[in-house]
$ cat query_21.txt   # compact mmCIF, C-alpha atoms
# COMPACT_ATOMS: atom_id res chain seq x y z
CA MET A 12 49.53 13.14 8.53
CA LEU A 13 47.16 10.29 7.83
CA TYR A 14 47.81 7.00 9.60
CA GLU A 15 48.07 5.19 6.28
CA ALA A 16 50.98 7.43 5.35
CA GLN A 17 52.60 7.59 8.79
CA MET A 18 53.61 4.00 9.36
CA PRO A 19 55.32 3.41 5.97
CA THR A 20 57.03 6.80 6.33
CA PHE A 21 58.33 5.88 9.79
CA TYR A 22 59.68 2.62 8.37
CA PHE A 23 61.41 4.44 5.51
CA LEU A 24 62.89 7.05 7.85
CA SER A 25 64.14 4.39 10.23
CA GLY A 26 66.55 3.32 7.52
CA LEU A 27 68.49 6.52 8.21
CA THR A 28 70.51 4.80 10.89
CA GLY A 29 71.96 7.07 13.55
CA ASN A 30 69.92 10.13 12.56
CA LYS A 31 69.07 11.88 15.85
CA LYS A 32 66.27 13.97 14.33
CA VAL A 33 64.52 10.85 13.04
CA ALA A 34 65.00 9.14 16.42
CA SER A 35 63.49 12.16 18.17
CA LEU A 36 60.51 12.17 15.81
CA LEU A 37 59.89 8.48 16.40
CA GLN A 38 60.17 8.90 20.18
CA LYS A 39 57.62 11.72 20.05
CA HIS A 40 55.16 9.55 18.15
CA ILE A 41 55.68 6.63 20.52
CA LEU A 42 54.71 8.85 23.45
CA GLU A 43 51.68 10.18 21.58
CA ASN A 44 50.41 6.66 20.82
CA ILE A 45 51.40 4.62 23.87
CA GLU A 46 48.09 4.93 25.71
CA SER A 47 45.64 5.24 22.85
CA ASP A 48 47.15 2.58 20.60
CA PRO A 49 49.94 0.52 22.19
CA ILE A 50 50.23 -1.77 19.15
CA ASP A 51 51.07 1.18 16.91
CA ALA A 52 53.45 2.50 19.57
CA PHE A 53 55.23 -0.87 19.53
CA ASP A 54 55.49 -0.74 15.72
CA ILE A 55 56.98 2.75 15.96
CA PHE A 56 59.37 1.52 18.67
CA GLU A 57 60.52 -1.21 16.29
CA ASN A 58 61.36 1.51 13.77
CA LEU A 59 63.15 3.53 16.46
CA TYR A 60 65.28 0.50 17.31
CA ARG A 61 66.07 0.01 13.63
CA CYS A 62 67.17 3.64 13.41
CA SER A 63 69.01 3.92 16.74
CA PRO A 64 69.57 0.61 18.51
CA ASP A 65 71.52 2.34 21.28
CA ILE A 66 68.62 4.52 22.51
CA PRO A 67 67.11 3.15 25.75
$ encode --input "query_21.txt" --output "structure tokens"
Amino acid sequence: MLYEAQMPTFYFLSGLTGNKKVASLLQKHILENIESDPIDAFDIFENLYRCSPDIP
């Protein structure tokens, strides 16, 4: 998926509060981006928190 489509999609999906599949997807993308692009990883983390605030 192109970057330009990823970030808005992650934001949209994060509105599905409590959805474990969405949370898992966001966690996966955080781990994929943490070293190469920590700013994007932080943005994805923000979406993860929006989706599942109880995930450590």
$ atom_distance --input "query_21.txt" --atom1 "atom CA of Phe56 of chain A" --atom2 "atom CA of Leu42 of chain A"
9.9 Å
$ residues_near_point --input "query_21.txt" --point "(67.6, -0.6, 13.9)" --cutoff "12 Å" --atoms "all atoms listed in the file" --output "VMD selection string"
chain A and resid 22 to 30 33 to 34 55 to 66
$ atom_distance --input "query_21.txt" --atom1 "atom CA of Pro49 of chain A" --atom2 "atom CA of Leu36 of chain A"
17.0 Å
$ atom_distance --input "query_21.txt" --atom1 "atom CA of Gln17 of chain A" --atom2 "atom CA of His40 of chain A"
9.9 Å
$ closest_residue --input "query_21.txt" --among "A:Phe21, A:Tyr14, A:Ile41, A:Lys32" --to "Phe53 of chain A" --atoms "only C-alpha atoms"
A:Ile41
$ decode --input "query_21.txt" --residues "segment 16-31 of chain A" --atoms "all heavy atoms" --output "compact mmCIF listing (two decimals), in the first residue's frame"
# COMPACT_ATOMS: atom_id res chain seq x y z
N ALA A 16 -1.66 6.51 1.02
CA ALA A 16 -2.93 5.86 1.36
C ALA A 16 -2.90 5.25 2.76
O ALA A 16 -3.94 5.14 3.41
CB ALA A 16 -3.26 4.79 0.33
N GLN A 17 -1.72 4.86 3.22
CA GLN A 17 -1.61 4.18 4.50
C GLN A 17 -2.03 5.04 5.69
O GLN A 17 -2.85 4.61 6.50
CB GLN A 17 -0.15 3.76 4.76
CG GLN A 17 0.15 2.35 4.45
CD GLN A 17 1.57 1.99 4.86
OE1 GLN A 17 2.39 2.84 5.15
NE2 GLN A 17 1.84 0.72 4.87
N MET A 18 -1.44 6.20 5.81
CA MET A 18 -1.67 6.99 7.01
C MET A 18 -3.14 7.41 7.17
O MET A 18 -3.69 7.25 8.26
CB MET A 18 -0.74 8.20 7.03
CG MET A 18 0.73 7.80 7.07
SD MET A 18 1.14 6.55 8.30
CE MET A 18 1.74 7.58 9.59
N PRO A 19 -3.82 7.89 6.13
CA PRO A 19 -5.25 8.20 6.31
C PRO A 19 -6.09 6.95 6.61
O PRO A 19 -7.05 7.01 7.37
CB PRO A 19 -5.68 8.82 4.98
CG PRO A 19 -4.42 9.25 4.32
CD PRO A 19 -3.34 8.34 4.83
N THR A 20 -5.68 5.82 6.03
CA THR A 20 -6.39 4.56 6.29
C THR A 20 -6.22 4.15 7.74
O THR A 20 -7.18 3.72 8.40
CB THR A 20 -5.90 3.45 5.34
OG1 THR A 20 -6.12 3.86 3.99
CG2 THR A 20 -6.62 2.14 5.60
N PHE A 21 -4.99 4.27 8.27
CA PHE A 21 -4.76 3.94 9.67
C PHE A 21 -5.61 4.83 10.58
O PHE A 21 -6.17 4.37 11.56
CB PHE A 21 -3.28 4.08 10.03
CG PHE A 21 -2.39 3.06 9.39
CD1 PHE A 21 -1.05 3.34 9.21
CD2 PHE A 21 -2.86 1.83 8.98
CE1 PHE A 21 -0.20 2.40 8.64
CE2 PHE A 21 -2.03 0.88 8.40
CZ PHE A 21 -0.69 1.18 8.23
N TYR A 22 -5.69 6.11 10.24
CA TYR A 22 -6.51 7.02 11.05
C TYR A 22 -7.98 6.60 11.02
O TYR A 22 -8.64 6.54 12.05
CB TYR A 22 -6.36 8.47 10.57
CG TYR A 22 -7.19 9.41 11.38
CD1 TYR A 22 -6.78 9.81 12.64
CD2 TYR A 22 -8.42 9.86 10.91
CE1 TYR A 22 -7.56 10.66 13.42
CE2 TYR A 22 -9.21 10.70 11.68
CZ TYR A 22 -8.77 11.09 12.93
OH TYR A 22 -9.54 11.91 13.70
N PHE A 23 -8.48 6.29 9.84
CA PHE A 23 -9.87 5.86 9.70
C PHE A 23 -10.12 4.59 10.51
O PHE A 23 -11.09 4.48 11.25
CB PHE A 23 -10.22 5.65 8.23
CG PHE A 23 -11.57 5.04 8.02
CD1 PHE A 23 -12.72 5.81 8.15
CD2 PHE A 23 -11.71 3.70 7.72
CE1 PHE A 23 -13.98 5.24 7.98
CE2 PHE A 23 -12.95 3.12 7.55
CZ PHE A 23 -14.09 3.90 7.67
N LEU A 24 -9.22 3.61 10.36
CA LEU A 24 -9.39 2.33 11.07
C LEU A 24 -9.30 2.51 12.58
O LEU A 24 -9.94 1.76 13.32
CB LEU A 24 -8.33 1.32 10.60
CG LEU A 24 -8.51 0.78 9.18
CD1 LEU A 24 -7.33 -0.10 8.80
CD2 LEU A 24 -9.82 0.01 9.06
N SER A 25 -8.52 3.47 13.02
CA SER A 25 -8.38 3.66 14.47
C SER A 25 -9.68 4.11 15.12
O SER A 25 -9.83 4.01 16.33
CB SER A 25 -7.26 4.66 14.76
OG SER A 25 -7.64 5.98 14.40
N GLY A 26 -10.62 4.55 14.33
CA GLY A 26 -11.93 4.90 14.85
C GLY A 26 -12.75 3.69 15.27
O GLY A 26 -13.76 3.82 15.95
N LEU A 27 -12.30 2.51 14.87
CA LEU A 27 -12.98 1.27 15.27
C LEU A 27 -12.48 0.86 16.65
O LEU A 27 -11.75 -0.11 16.82
CB LEU A 27 -12.73 0.17 14.24
CG LEU A 27 -13.17 0.49 12.82
CD1 LEU A 27 -12.69 -0.58 11.85
CD2 LEU A 27 -14.68 0.62 12.75
N THR A 28 -12.85 1.60 17.63
CA THR A 28 -12.36 1.44 18.99
C THR A 28 -12.59 0.03 19.52
O THR A 28 -13.69 -0.50 19.39
CB THR A 28 -13.04 2.46 19.93
OG1 THR A 28 -12.84 3.75 19.38
CG2 THR A 28 -12.47 2.40 21.32
N GLY A 29 -11.51 -0.54 20.07
CA GLY A 29 -11.60 -1.87 20.67
C GLY A 29 -11.45 -3.02 19.69
O GLY A 29 -11.50 -4.17 20.10
N ASN A 30 -11.23 -2.74 18.42
CA ASN A 30 -11.08 -3.80 17.43
C ASN A 30 -9.67 -4.37 17.51
O ASN A 30 -8.69 -3.70 17.19
CB ASN A 30 -11.37 -3.25 16.03
CG ASN A 30 -11.43 -4.34 14.99
OD1 ASN A 30 -10.56 -5.18 14.90
ND2 ASN A 30 -12.49 -4.30 14.19
N LYS A 31 -9.55 -5.63 17.95
CA LYS A 31 -8.24 -6.25 18.16
C LYS A 31 -7.48 -6.49 16.86
O LYS A 31 -6.26 -6.42 16.84
CB LYS A 31 -8.40 -7.56 18.93
CG LYS A 31 -8.84 -7.32 20.35
CD LYS A 31 -8.96 -8.59 21.13
CE LYS A 31 -9.47 -8.26 22.52
NZ LYS A 31 -9.45 -9.40 23.39
